file data-v5.cif (mmCIF, C-alpha atoms)
data_run
loop_
_atom_site.label_atom_id
_atom_site.label_comp_id
_atom_site.auth_asym_id
_atom_site.auth_seq_id
_atom_site.Cartn_x
_atom_site.Cartn_y
_atom_site.Cartn_z
CA MET A 1 -23.38 36.64 -24.25
CA LYS A 2 -23.22 36.48 -20.49
CA ALA A 3 -23.76 32.71 -20.57
CA ALA A 4 -20.87 32.34 -22.98
CA GLY A 5 -18.70 34.42 -20.70
CA VAL A 6 -19.62 32.28 -17.72
CA ILE A 7 -18.90 29.08 -19.63
CA LEU A 8 -15.58 30.47 -20.82
CA ALA A 9 -14.67 31.51 -17.30
CA VAL A 10 -15.54 28.06 -15.94
CA ALA A 11 -13.56 26.39 -18.73
CA ALA A 12 -10.58 28.62 -18.05
CA ALA A 13 -10.80 27.86 -14.34
CA LEU A 14 -10.93 24.12 -14.99
CA THR A 15 -7.96 24.37 -17.33
CA LEU A 16 -5.96 26.33 -14.81
CA GLN A 17 -7.05 24.00 -12.03
CA THR A 18 -5.90 20.87 -13.85
CA THR A 19 -2.66 22.33 -15.12
CA LEU A 20 -1.45 24.53 -12.31
CA ALA A 21 -2.96 22.85 -9.28
CA HIS A 22 -0.59 19.94 -9.69
CA TYR A 23 2.27 22.26 -8.90
CA LEU A 24 0.47 24.53 -6.47
CA ALA A 25 -1.53 22.11 -4.40
CA ARG A 26 0.49 20.61 -1.59
CA GLY A 27 -1.09 18.98 1.39
CA SER A 28 -3.96 20.89 2.86
CA VAL A 29 -3.22 24.11 1.00
CA ALA A 30 -5.24 23.80 -2.19
CA VAL A 31 -7.23 26.14 -4.32
CA ASP A 32 -10.57 25.54 -6.03
CA LEU A 33 -10.51 27.95 -8.95
CA VAL A 34 -13.87 26.71 -10.19
CA LEU A 35 -15.49 27.64 -6.90
CA VAL A 36 -13.82 31.05 -7.07
CA VAL A 37 -15.33 31.63 -10.50
CA VAL A 38 -18.78 30.52 -9.32
CA VAL A 39 -18.72 32.87 -6.34
CA TYR A 40 -17.37 35.71 -8.48
CA VAL A 41 -20.10 35.24 -11.06
CA ALA A 42 -22.75 34.98 -8.34
CA LEU A 43 -21.57 38.17 -6.60
CA THR A 44 -21.52 40.11 -9.83
CA SER A 45 -24.59 38.64 -11.55
CA GLY A 46 -27.05 37.57 -8.87
CA PRO A 47 -28.50 34.33 -7.50
CA ALA A 48 -30.03 32.97 -10.72
CA VAL A 49 -26.82 33.20 -12.73
CA GLY A 50 -24.88 32.05 -9.70
CA LEU A 51 -27.11 29.01 -9.36
CA LEU A 52 -26.77 28.07 -13.03
CA SER A 53 -23.06 28.69 -13.17
CA GLY A 54 -22.63 26.62 -10.01
CA THR A 55 -24.60 23.76 -11.54
CA VAL A 56 -22.64 23.79 -14.80
CA ALA A 57 -19.26 24.22 -13.15
CA GLY A 58 -19.93 21.58 -10.49
CA LEU A 59 -21.12 19.01 -12.98
CA ALA A 60 -18.13 19.66 -15.22
CA GLN A 61 -15.79 19.31 -12.27
CA ASP A 62 -17.49 16.10 -11.18
CA ALA A 63 -17.18 14.68 -14.65
CA LEU A 64 -13.48 15.42 -14.75
CA SER A 65 -12.71 14.03 -11.31
CA THR A 66 -13.33 10.65 -9.73
CA SER A 67 -16.27 11.85 -7.68
CA ILE A 68 -19.94 10.94 -7.90
CA ILE A 69 -21.42 13.13 -10.63
CA GLY A 70 -23.87 15.49 -9.02
CA ILE A 71 -22.47 15.91 -5.54
CA GLY A 72 -20.07 18.67 -6.50
CA GLY A 73 -22.75 20.08 -8.78
CA LEU A 74 -25.27 20.29 -5.97
CA ALA A 75 -22.73 21.84 -3.60
CA LYS A 76 -21.72 24.52 -6.08
CA THR A 77 -25.36 25.15 -7.02
CA ILE A 78 -26.19 25.93 -3.39
CA VAL A 79 -23.06 28.03 -2.94
CA GLY A 80 -23.68 29.95 -6.17
CA PHE A 81 -27.28 30.68 -5.25
CA LEU A 82 -26.50 31.83 -1.69
CA ALA A 83 -23.50 33.91 -2.84
CA GLY A 84 -25.78 35.56 -5.39
CA ILE A 85 -28.30 36.40 -2.66
CA ILE A 86 -25.56 37.86 -0.49
CA GLY A 87 -24.31 39.89 -3.44
CA THR A 88 -27.75 41.38 -3.98
CA GLN A 89 -28.72 41.88 -0.34
CA PHE A 90 -25.44 43.26 1.01
CA ILE A 91 -22.78 45.63 -0.22
CA VAL A 92 -19.81 43.45 -1.01
CA ALA A 93 -17.54 45.97 -2.66
CA GLN A 94 -14.55 46.00 -0.32
CA PRO A 95 -11.78 43.44 -0.09
CA LEU A 96 -12.63 42.37 3.47
CA PRO A 97 -16.32 41.53 2.84
CA ARG A 98 -15.34 39.77 -0.35
CA PHE A 99 -12.69 37.83 1.53
CA VAL A 100 -15.31 36.79 4.10
CA VAL A 101 -17.78 35.77 1.38
CA PHE A 102 -15.21 33.67 -0.47
CA PHE A 103 -14.06 32.06 2.78
CA ALA A 104 -17.64 31.34 3.90
CA ALA A 105 -18.51 29.98 0.45
CA THR A 106 -15.57 27.58 0.65
CA VAL A 107 -16.61 26.39 4.10
CA LEU A 108 -20.23 25.96 3.00
CA HIS A 109 -19.13 24.10 -0.11
CA ALA A 110 -16.97 21.78 2.00
CA VAL A 111 -19.81 21.17 4.45
CA VAL A 112 -22.30 20.30 1.70
CA PHE A 113 -19.80 18.31 -0.37
CA MET A 114 -18.32 16.30 2.48
CA GLY A 115 -21.67 16.06 4.24
CA LEU A 116 -23.27 14.43 1.21
CA TYR A 117 -20.41 11.97 0.94
CA VAL A 118 -20.64 11.11 4.62
CA VAL A 119 -24.45 10.84 4.59
CA LEU A 120 -24.27 8.55 1.57
CA ASP A 121 -21.46 6.61 3.30
CA LEU A 122 -19.22 6.97 0.28
CA ARG A 123 -16.22 8.59 1.89
CA HIS A 124 -15.04 9.67 5.30
CA PHE A 125 -13.04 12.81 5.70
CA GLY A 126 -11.86 12.62 9.29
CA THR A 127 -11.27 16.09 10.72
CA PRO A 128 -10.46 18.27 7.71
CA TYR A 129 -10.69 21.60 9.55
CA ALA A 130 -7.17 22.69 8.68
CA ALA A 131 -7.56 21.64 5.06
CA VAL A 132 -10.86 23.46 4.68
CA ALA A 133 -9.53 26.56 6.43
CA GLY A 134 -6.42 26.56 4.26
CA GLN A 135 -8.45 26.16 1.11
CA GLY A 136 -10.85 28.86 2.26
CA ILE A 137 -8.03 31.35 2.81
CA THR A 138 -6.44 30.50 -0.53
CA ASN A 139 -9.75 30.77 -2.38
CA ALA A 140 -10.50 34.05 -0.64
CA VAL A 141 -7.13 35.54 -1.53
CA VAL A 142 -7.45 34.44 -5.15
CA GLY A 143 -11.03 35.73 -5.31
CA VAL A 144 -10.19 39.12 -3.83
CA VAL A 145 -7.21 39.50 -6.16
CA ALA A 146 -9.43 38.51 -9.11
CA PHE A 147 -11.96 41.16 -8.12
CA GLN A 148 -9.26 43.81 -7.76
CA LEU A 149 -7.73 42.93 -11.11
CA ALA A 150 -11.10 42.87 -12.84
CA GLU A 151 -11.90 46.31 -11.43
CA LEU A 152 -8.48 47.80 -12.13
CA LEU A 153 -7.85 46.46 -15.62
CA PRO A 154 -10.72 48.23 -17.46
CA GLY A 155 -9.78 51.49 -15.77
CA ALA A 156 -6.16 51.00 -16.72
CA VAL A 157 -7.10 50.50 -20.36
CA GLU A 158 -9.26 53.60 -20.33
CA ARG A 159 -6.52 55.64 -18.65
CA ARG A 160 -4.01 54.46 -21.27
CA ARG A 161 -6.38 55.41 -24.08
CA ALA A 162 -6.97 58.79 -22.47
CA ASP A 163 -3.22 59.38 -22.13
CA LYS A 164 -2.66 58.54 -25.82
CA HIS A 165 -5.49 60.86 -26.82
CA ARG A 166 -4.00 63.68 -24.69
CA VAL A 167 -0.54 63.28 -26.29
CA ARG A 168 -2.00 63.49 -29.82
CA ARG A 169 -3.67 66.77 -28.94
CA MET B 170 36.88 -106.09 39.83
CA LEU B 171 38.54 -103.08 38.26
CA LEU B 172 41.14 -105.32 36.41
CA ILE B 173 38.43 -107.78 35.18
CA SER B 174 36.24 -104.85 33.94
CA ALA B 175 39.23 -103.35 32.28
CA GLN B 176 39.73 -106.67 30.32
CA VAL B 177 36.05 -107.17 29.37
CA ASN B 178 34.68 -105.20 26.35
CA SER B 179 31.25 -103.56 26.28
CA LYS B 180 28.56 -104.06 23.61
CA THR B 181 30.00 -101.17 21.64
CA GLY B 182 33.43 -102.78 21.53
CA VAL B 183 34.94 -100.40 23.99
CA PRO B 184 36.23 -101.82 27.22
CA ILE B 185 33.76 -101.40 30.08
CA LEU B 186 36.30 -99.66 32.29
CA GLU B 187 37.27 -97.29 29.58
CA ALA B 188 33.64 -96.75 28.62
CA VAL B 189 32.53 -96.19 32.24
CA THR B 190 35.54 -94.00 32.97
CA PHE B 191 35.03 -92.08 29.81
CA GLY B 192 31.35 -91.88 30.49
CA VAL B 193 31.82 -90.58 34.00
CA PHE B 194 34.64 -88.31 32.99
CA SER B 195 32.78 -87.10 30.08
CA GLU B 196 29.93 -86.16 32.38
CA VAL B 197 32.35 -84.40 34.63
CA GLN B 198 33.77 -82.73 31.65
CA ARG B 199 30.26 -81.93 30.57
CA GLY B 200 29.52 -80.44 33.97
CA VAL B 201 32.72 -78.58 34.16
CA SER B 202 32.39 -77.51 30.63
CA GLY B 203 28.83 -76.53 31.24
CA GLY B 204 29.80 -74.60 34.34
CA LEU B 205 32.65 -72.93 32.64
CA SER B 206 30.66 -72.24 29.57
CA GLY B 207 27.92 -70.82 31.76
CA VAL B 208 30.35 -68.62 33.54
CA LEU B 209 31.89 -67.66 30.26
CA HIS B 210 28.44 -67.14 28.79
CA VAL B 211 27.42 -64.92 31.67
CA TRP B 212 30.73 -63.14 31.57
CA ASN B 213 30.72 -62.78 27.83
CA GLY B 214 27.08 -61.74 27.97
CA TYR B 215 27.79 -59.05 30.54
CA VAL B 216 30.81 -57.81 28.70
CA GLY B 217 28.88 -58.06 25.43
CA LEU B 218 25.92 -56.18 27.01
CA ARG B 219 28.24 -53.46 28.06
CA HIS B 220 29.64 -53.32 24.55
CA VAL B 221 26.18 -53.26 23.02
CA ARG B 222 25.21 -50.50 25.40
CA GLN B 223 28.25 -48.52 24.44
CA GLU B 224 27.66 -49.34 20.83
CA ASN B 225 24.01 -48.35 21.26
CA ASP B 226 25.05 -45.07 22.81
CA ASP B 227 27.51 -44.58 20.02
CA LEU B 228 24.85 -45.36 17.43
CA LYS B 229 22.47 -42.98 19.14
CA ARG B 230 25.07 -40.24 18.97
CA ARG B 231 25.72 -41.04 15.32
CA LEU B 232 21.98 -41.11 14.63
CA ALA B 233 21.56 -37.75 16.31
CA ALA B 234 24.46 -36.37 14.31
CA SER B 235 22.92 -37.85 11.18
CA GLU B 236 19.56 -36.31 12.00
CA ILE B 237 21.22 -32.94 12.46
CA THR B 238 22.98 -33.41 9.15
CA VAL B 239 19.67 -34.36 7.53
CA GLN B 240 18.05 -31.27 8.95
CA GLU B 241 20.93 -29.15 7.73
CA GLN B 242 20.58 -30.70 4.31
CA ARG B 243 16.84 -30.14 4.41
CA ALA B 244 17.40 -26.53 5.39
CA LEU B 245 19.88 -26.15 2.58
CA ALA B 246 17.37 -27.71 0.22
CA ASP B 247 14.66 -25.36 1.43
CA ARG B 248 17.00 -22.44 1.02
CA ALA B 249 17.90 -23.58 -2.47
CA ARG B 250 14.20 -23.97 -3.23
CA GLY B 251 13.58 -20.51 -1.81
CA LEU B 252 16.37 -19.05 -3.88
CA ALA B 253 14.92 -20.74 -6.92
CA GLN B 254 11.55 -19.23 -6.13
CA LEU B 255 13.23 -15.87 -5.60
CA LEU B 256 14.87 -16.17 -8.98
CA GLU B 257 11.55 -17.14 -10.46
CA LEU B 258 9.91 -14.19 -8.69
CA ARG B 259 12.63 -11.91 -9.95
CA ASP B 260 12.01 -13.17 -13.43
CA ARG B 261 8.32 -12.54 -12.97
CA LEU B 262 9.08 -9.05 -11.67
CA THR B 263 10.66 -8.08 -14.92
CA LEU B 264 7.67 -5.88 -15.46
CA ARG B 265 6.55 -4.57 -18.79
CA THR B 266 6.03 -0.87 -18.35
CA ALA B 267 5.14 2.17 -20.42
CA ALA B 268 6.57 5.58 -19.67
CA ALA B 269 4.01 8.33 -19.48
CA GLU B 270 4.15 12.07 -19.02
CA ILE B 271 1.89 13.89 -16.61
CA ILE B 272 -0.28 16.33 -18.47
CA GLY B 273 -2.80 17.37 -15.84
CA ALA B 274 -3.93 17.29 -12.25
CA ALA B 275 -7.24 16.85 -10.47
CA ALA B 276 -10.15 19.06 -11.44
CA ALA B 277 -11.17 19.34 -7.78
CA PRO B 278 -8.82 19.72 -4.83
CA ASP B 279 -10.71 17.10 -2.83
CA PHE B 280 -9.49 14.42 -5.19
CA ARG B 281 -5.90 13.45 -5.79
CA THR B 282 -5.61 12.42 -9.38
CA LEU B 283 -3.26 12.97 -12.29
CA THR B 284 -3.74 12.75 -16.00
CA ILE B 285 -1.08 11.00 -18.08
CA ASP B 286 -0.55 11.05 -21.83
CA LYS B 287 -0.89 7.29 -22.35
CA GLY B 288 -4.22 5.55 -22.81
CA THR B 289 -5.78 2.40 -24.14
CA GLY B 290 -3.92 2.91 -27.40
CA SER B 291 -0.71 2.22 -25.51
CA GLY B 292 -2.10 -0.79 -23.69
CA VAL B 293 -3.16 1.06 -20.55
CA ARG B 294 -6.13 -0.48 -18.77
CA SER B 295 -8.05 0.16 -15.56
CA ASN B 296 -6.42 -0.84 -12.29
CA MET B 297 -2.92 -0.93 -13.70
CA ALA B 298 -0.29 0.20 -11.24
CA VAL B 299 1.57 3.43 -11.78
CA ILE B 300 5.03 3.68 -10.31
CA ALA B 301 7.93 6.09 -10.16
CA PRO B 302 11.60 5.51 -9.42
CA ALA B 303 10.98 6.45 -5.78
CA GLY B 304 8.01 4.12 -5.31
CA ILE B 305 4.31 3.62 -5.84
CA VAL B 306 2.31 6.48 -7.37
CA GLY B 307 -1.21 5.11 -7.81
CA ARG B 308 -3.44 3.22 -10.19
CA ILE B 309 -5.27 3.84 -13.44
CA VAL B 310 -8.94 4.62 -12.82
CA VAL B 311 -10.18 6.07 -16.09
CA PRO B 312 -8.34 5.17 -19.29
CA SER B 313 -9.23 6.85 -22.56
CA ALA B 314 -7.76 6.39 -26.00
CA ARG B 315 -4.79 8.70 -25.59
CA SER B 316 -4.76 9.57 -21.91
CA ALA B 317 -5.63 8.09 -18.56
CA LYS B 318 -6.57 9.30 -15.11
CA VAL B 319 -4.38 8.10 -12.27
CA GLN B 320 -5.73 7.94 -8.75
CA LEU B 321 -2.83 8.82 -6.48
CA LEU B 322 -2.17 6.69 -3.44
CA ILE B 323 -2.75 9.75 -1.25
CA ASP B 324 -6.36 10.08 -2.44
CA ARG B 325 -8.95 9.34 0.23
CA ASN B 326 -10.40 6.52 -1.84
CA ALA B 327 -7.05 4.90 -2.57
CA ALA B 328 -5.67 1.86 -0.75
CA ALA B 329 -2.95 -0.70 -1.20
CA GLY B 330 -1.92 -3.90 0.53
CA ALA B 331 1.24 -3.16 2.46
CA LEU B 332 3.75 -4.64 4.84
CA ILE B 333 6.55 -3.38 7.03
CA GLU B 334 9.82 -4.50 5.50
CA ARG B 335 11.59 -5.17 8.79
CA THR B 336 8.92 -7.03 10.73
CA ARG B 337 6.75 -8.28 7.83
CA ALA B 338 3.70 -6.87 9.62
CA GLN B 339 0.89 -6.65 7.12
CA GLY B 340 -1.76 -3.99 6.80
CA VAL B 341 -3.51 -1.69 4.40
CA VAL B 342 -2.18 1.71 3.40
CA VAL B 343 -4.93 4.22 2.68
CA GLY B 344 -4.82 7.79 1.50
CA ALA B 345 -5.57 10.49 4.01
CA GLY B 346 -6.48 13.19 1.51
CA ASP B 347 -3.41 15.26 2.32
CA ASP B 348 0.19 14.43 1.60
CA ARG B 349 0.37 11.58 4.11
CA LEU B 350 -0.82 7.99 4.24
CA ARG B 351 -2.28 5.87 7.00
CA MET B 352 -1.40 2.24 7.55
CA GLU B 353 -4.34 0.41 9.09
CA TYR B 354 -5.06 -3.03 10.50
CA VAL B 355 -1.57 -3.53 11.91
CA SER B 356 -1.72 -5.41 15.18
CA GLU B 357 -0.28 -3.76 18.27
CA ALA B 358 1.71 -6.95 18.82
CA PHE B 359 4.13 -5.93 16.08
CA ASP B 360 7.23 -3.90 16.82
CA ILE B 361 7.11 -0.95 14.47
CA VAL B 362 9.34 2.07 14.80
CA VAL B 363 9.63 5.41 13.07
CA GLY B 364 11.61 5.07 9.86
CA ASP B 365 10.52 1.54 9.01
CA VAL B 366 10.09 1.02 5.29
CA VAL B 367 6.55 0.29 4.11
CA MET B 368 6.32 -1.82 0.97
CA THR B 369 3.57 -3.22 -1.19
CA SER B 370 2.49 -6.73 -0.27
CA GLY B 371 0.92 -7.58 -3.60
CA ILE B 372 -2.29 -8.94 -2.10
CA ASP B 373 -4.46 -6.34 -3.82
CA GLY B 374 -3.74 -7.61 -7.30
CA ILE B 375 -2.88 -4.12 -8.50
CA TYR B 376 0.51 -3.15 -7.18
CA PRO B 377 3.51 -5.44 -7.70
CA LYS B 378 4.98 -6.83 -4.52
CA GLY B 379 8.07 -5.29 -2.97
CA PHE B 380 7.79 -1.72 -4.18
CA VAL B 381 8.37 1.06 -1.69
CA ILE B 382 5.34 2.99 -0.51
CA GLY B 383 7.00 5.17 2.09
CA HIS B 384 8.44 5.35 5.56
CA VAL B 385 6.76 5.22 8.93
CA GLU B 386 6.50 8.74 10.28
CA SER B 387 4.66 8.13 13.52
CA VAL B 388 3.29 5.17 15.46
CA GLU B 389 0.59 5.46 18.09
CA ARG B 390 -1.59 3.08 20.01
CA SER B 391 -5.18 3.39 18.89
CA GLY B 392 -6.54 1.23 21.69
CA GLY B 393 -8.55 -1.00 19.40
CA GLY B 394 -5.93 -3.66 19.00
CA TYR B 395 -4.38 -1.90 16.02
CA LYS B 396 -1.64 0.66 15.75
CA ARG B 397 -2.25 4.10 14.30
CA ILE B 398 0.56 4.50 11.80
CA THR B 399 1.26 7.53 9.65
CA VAL B 400 3.34 6.93 6.54
CA ARG B 401 5.28 9.54 4.61
CA PRO B 402 5.09 8.62 0.91
CA ALA B 403 8.37 7.92 -0.82
CA VAL B 404 7.13 9.74 -3.89
CA ASP B 405 6.93 13.52 -3.96
CA PHE B 406 3.63 13.83 -5.79
CA SER B 407 4.00 17.56 -6.41
CA SER B 408 7.21 17.17 -8.39
CA LEU B 409 6.25 14.20 -10.55
CA GLU B 410 6.78 14.73 -14.25
CA GLU B 411 6.98 11.21 -15.64
CA VAL B 412 5.71 7.88 -14.38
CA LEU B 413 5.70 4.25 -15.44
CA VAL B 414 2.50 2.32 -16.03
CA VAL B 415 2.90 -1.37 -15.18
CA LEU B 416 1.37 -3.16 -18.12
CA THR B 417 1.98 -6.63 -16.70
CA PRO B 418 -1.18 -7.81 -14.94
CA MET B 419 -0.72 -8.45 -11.23
CA PRO B 420 -2.49 -11.52 -9.87
CA ALA B 421 -3.71 -11.21 -6.30
CA ARG B 422 -1.56 -13.33 -4.02
CA ASP B 423 -0.91 -14.17 -0.44
CA ALA B 424 1.72 -11.87 1.01
CA THR B 425 3.31 -14.76 2.91
CA GLN B 426 3.61 -16.80 -0.25
CA GLY B 427 7.03 -17.48 -1.67
CA VAL B 428 10.27 -16.57 -0.08
CA SER B 429 10.43 -15.05 3.33
CA GLU B 430 12.36 -12.07 2.14
#

call {"tool": "encode", "arguments": {"input": "data-v5.cif", "output": "structure tokens"}}
result
Amino acid sequence: MKAAGVILAVAAALTLQTTLAHYLARGSVAVDLVLVVVVYVALTSGPAVGLLSGTVAGLAQDALSTSIIGIGGLAKTIVGFLAGIIGTQFIVAQPLPRFVVFFAATVLHAVVFMGLYVVLDLRHFGTPYAAVAGQGITNAVVGVVAFQLAELLPGAVERRRADKHRVRR
Amino acid sequence: MLLISAQVNSKTGVPILEAVTFGVFSEVQRGVSGGLSGVLHVWNGYVGLRHVRQENDDLKRRLAASEITVQEQRALADRARGLAQLLELRDRLTLRTAAAEIIGAAAAPDFRTLTIDKGTGSGVRSNMAVIAPAGIVGRIVVPSARSAKVQLLIDRNAAAGALIERTRAQGVVVGAGDDRLRMEYVSEAFDIVVGDVVMTSGIDGIYPKGFVIGHVESVERSGGGYKRITVRPAVDFSSLEEVLVVLTPMPARDATQGVSE
């Protein structure tokens, strides 16, 4: 059940990424919704699920882009695993820690992803500090908002049900 | 003596006096005639030399004028030949294209790709150029039956043969990963200013020659013999909705070939 949820979340992120990113992504300000989902799953489900979701999501993303299949998968696997460890070892329940985790995960993902490309002499990225920082902030904002919505929505449904029940009485 | 000689005929039947007189006179005449003819010959030769010299100068002037005329004619012929080639090129540039709608973007933000709704079923193949009314968009990298992936020119792995329209300086335009392009391998000897139009050179065998890539945004000296040129793409990649896939195959060619546009 949880695996299906993770796969659905990754598929939804990929769909949103490929449909909305075209209009949202301009220059260095870009969002990686798949990475956001991986970090979210890792923070909420632990390192093992984070690792697996990172592997699946990264490989799917590699297959859909023009990259070498496996580089994005490896980067997201590492990020998912480490984010899962952080989620289990530290209390990441407030927006600021979550923001930091999402930002750090984006930076780590960029380091691993670009580092592998540079080590393999496949691509050169110049000095992408601004691009990585911009993407990290965007990912962090989207991740924090996703957490807030996920935490607020179930409560809102319960409150609505409770209100309806109170009116009937 | 004189009277007797005048009465006696010579062997030829001519009187001896008349023959001797004529003989002597004839020699005088010969001498005088020779002298006069010599003088006249020298005189006529000098005057004639002067005339030939003038005529030679005149002929030289006419020859020079003729050579200029020949060169002008040759230039006109070359121009006519160039115009013919231009017409032929224009005919060849009547590209067969297929309109396609953009149905998706890149799955990862590190790659600049688009997905279009035309694939191999519509004749789309790998490495076909994709253009928009504003200029070059990219090339087909992954065609499927009903869709195709387009690598945008701003992708880090993308490149295109390019030249500066004003100075004909050639180079290679490569994607920078953001919304700008870099033009590399342009010698510092070329005069390139901000605003110069960057066009495709056609040497890559993918993009048709003469299509706009963008405009020079900044020019710096890199110190390695090449300029560091930043190009602003003519196409706004974030607002693209439809593109044209160039179905006509583009043979790789020398950018200096054909007309010096």

call {"tool": "resolve_selection", "arguments": {"input": "data-v5.cif", "expression": "the PyMOL selection byres ((chain A and resi 124-135) around 9)", "output": "PDB file with C-alpha atoms, in the frame of the given file"}}
result
ATOM      1  CA  GLY A  27      -1.090  18.980   1.390  1.00  0.00           C
ATOM      2  CA  SER A  28      -3.960  20.890   2.860  1.00  0.00           C
ATOM      3  CA  VAL A  29      -3.220  24.110   1.000  1.00  0.00           C
ATOM      4  CA  ALA A  30      -5.240  23.800  -2.190  1.00  0.00           C
ATOM      5  CA  VAL A  31      -7.230  26.140  -4.320  1.00  0.00           C
ATOM      6  CA  ASP A  32     -10.570  25.540  -6.030  1.00  0.00           C
ATOM      7  CA  PHE A 103     -14.060  32.060   2.780  1.00  0.00           C
ATOM      8  CA  THR A 106     -15.570  27.580   0.650  1.00  0.00           C
ATOM      9  CA  VAL A 107     -16.610  26.390   4.100  1.00  0.00           C
ATOM     10  CA  ALA A 110     -16.970  21.780   2.000  1.00  0.00           C
ATOM     11  CA  MET A 114     -18.320  16.300   2.480  1.00  0.00           C
ATOM     12  CA  TYR A 117     -20.410  11.970   0.940  1.00  0.00           C
ATOM     13  CA  VAL A 118     -20.640  11.110   4.620  1.00  0.00           C
ATOM     14  CA  ASP A 121     -21.460   6.610   3.300  1.00  0.00           C
ATOM     15  CA  LEU A 122     -19.220   6.970   0.280  1.00  0.00           C
ATOM     16  CA  ARG A 123     -16.220   8.590   1.890  1.00  0.00           C
ATOM     17  CA  GLY A 136     -10.850  28.860   2.260  1.00  0.00           C
ATOM     18  CA  ILE A 137      -8.030  31.350   2.810  1.00  0.00           C
ATOM     19  CA  THR A 138      -6.440  30.500  -0.530  1.00  0.00           C
ATOM     20  CA  ASN A 139      -9.750  30.770  -2.380  1.00  0.00           C
ATOM     21  CA  ALA A 140     -10.500  34.050  -0.640  1.00  0.00           C
TER      22      ALA A 140
ATOM     23  CA  PRO B 278      -8.820  19.720  -4.830  1.00  0.00           C
ATOM     24  CA  ARG B 325      -8.950   9.340   0.230  1.00  0.00           C
ATOM     25  CA  ALA B 345      -5.570  10.490   4.010  1.00  0.00           C
ATOM     26  CA  GLY B 346      -6.480  13.190   1.510  1.00  0.00           C
ATOM     27  CA  ASP B 347      -3.410  15.260   2.320  1.00  0.00           C
TER      28      ASP B 347
END

call {"tool": "closest_residue", "arguments": {"input": "data-v5.cif", "among": "A:Leu59, A:Val141, A:Ala48, A:Leu152", "to": "Val10 of chain A", "atoms": "all atoms listed in the file"}}
result
A:Leu59

call {"tool": "closest_atom_pairs", "arguments": {"input": "data-v5.cif", "of": "chain B", "to": "chain A", "cutoff": "7 Å", "atoms": "all atoms listed in the file", "output": "CSV"}}
result
residue,atom,partner,partner_atom,distance
B:Gly273,CA,A:Thr19,CA,5.0
B:Ala274,CA,A:Thr18,CA,4.4
B:Ala275,CA,A:Thr18,CA,5.4
B:Ala276,CA,A:Thr18,CA,5.2
B:Ala277,CA,A:Gln61,CA,6.4
B:Pro278,CA,A:Ala30,CA,6.0
B:Phe280,CA,A:Ser65,CA,6.9
B:Asp347,CA,A:Gly27,CA,4.5
B:Asp348,CA,A:Gly27,CA,4.7
B:Ser407,CA,A:Tyr23,CA,5.6

call {"tool": "residues_around", "arguments": {"input": "data-v5.cif", "residues": "segment 371-383 of chain B", "least_positions_apart": "2", "cutoff": "9 Å", "atoms": "only C-alpha atoms", "output": "VMD selection string"}}
result
chain B and resid 262 264 296 to 300 303 to 308 322 328 to 332 334 342 350 365 to 369 385 to 386 400 to 404 415 418 to 424

call {"tool": "resolve_selection", "arguments": {"input": "data-v5.cif", "expression": "the PyMOL selection byres ((chain A and resi 55) around 12)", "output": "JSON, numbers by chain"}}
result
{"A": [6, 7, 10, 34, 35, 38, 42, 47, 48, 49, 50, 51, 52, 53, 54, 56, 57, 58, 59, 60, 61, 62, 69, 70, 71, 72, 73, 74, 75, 76, 77, 78, 79, 80, 81]}

call {"tool": "atom_distance", "arguments": {"input": "data-v5.cif", "atom1": "atom CA of Ile323 of chain B", "atom2": "atom CA of Phe99 of chain A"}}
result
29.9 Å

call {"tool": "resolve_selection", "arguments": {"input": "data-v5.cif", "expression": "the PyMOL selection byres ((chain B and resi 316) around 12)", "output": "PyMOL selection string"}}
result
chain B and resi 269-273+283-295+309-315+317-319+414

call {"tool": "atom_distance", "arguments": {"input": "data-v5.cif", "atom1": "atom CA of Gly344 of chain B", "atom2": "atom CA of Ala327 of chain B"}}
result
5.5 Å

call {"tool": "atom_distance", "arguments": {"input": "data-v5.cif", "atom1": "atom CA of Ile91 of chain A", "atom2": "atom CA of Ser45 of chain A"}}
result
13.4 Å

call {"tool": "axis_aligned_box", "arguments": {"input": "data-v5.cif", "around": "segment 35-45 of chain A", "padding_each_side": "6 Å", "output": "JSON"}}
result
{"center_x": -19.2, "center_y": 33.9, "center_z": -8.9, "size_x": 22.8, "size_y": 24.5, "size_z": 17.2}

call {"tool": "closest_residue", "arguments": {"input": "data-v5.cif", "among": "A:Ala9, A:Leu43, A:Ala162, A:Val36", "to": "Pro97 of chain A", "atoms": "all atoms listed in the file"}}
result
A:Leu43

call {"tool": "decode", "arguments": {"input": "data-v5.cif", "residues": "segment 38-42 of chain A", "atoms": "N, CA and C atoms", "output": "short mmCIF file (atom, residue, chain, number, x, y, z; two decimals), in the first residue's frame"}}
result
data_model
loop_
_atom_site.label_atom_id
_atom_site.label_comp_id
_atom_site.auth_asym_id
_atom_site.auth_seq_id
_atom_site.Cartn_x
_atom_site.Cartn_y
_atom_site.Cartn_z
N VAL A 38 10.76 12.71 -3.08
CA VAL A 38 11.71 11.76 -2.48
C VAL A 38 12.07 12.19 -1.06
N VAL A 39 12.36 13.45 -0.88
CA VAL A 39 12.74 13.94 0.45
C VAL A 39 11.53 13.87 1.40
N TYR A 40 10.38 14.18 0.88
CA TYR A 40 9.15 14.11 1.70
C TYR A 40 8.91 12.68 2.17
N VAL A 41 9.00 11.75 1.24
CA VAL A 41 8.79 10.34 1.58
C VAL A 41 9.85 9.87 2.58
N ALA A 42 11.09 10.29 2.35
CA ALA A 42 12.18 9.87 3.24
C ALA A 42 11.98 10.43 4.65
#
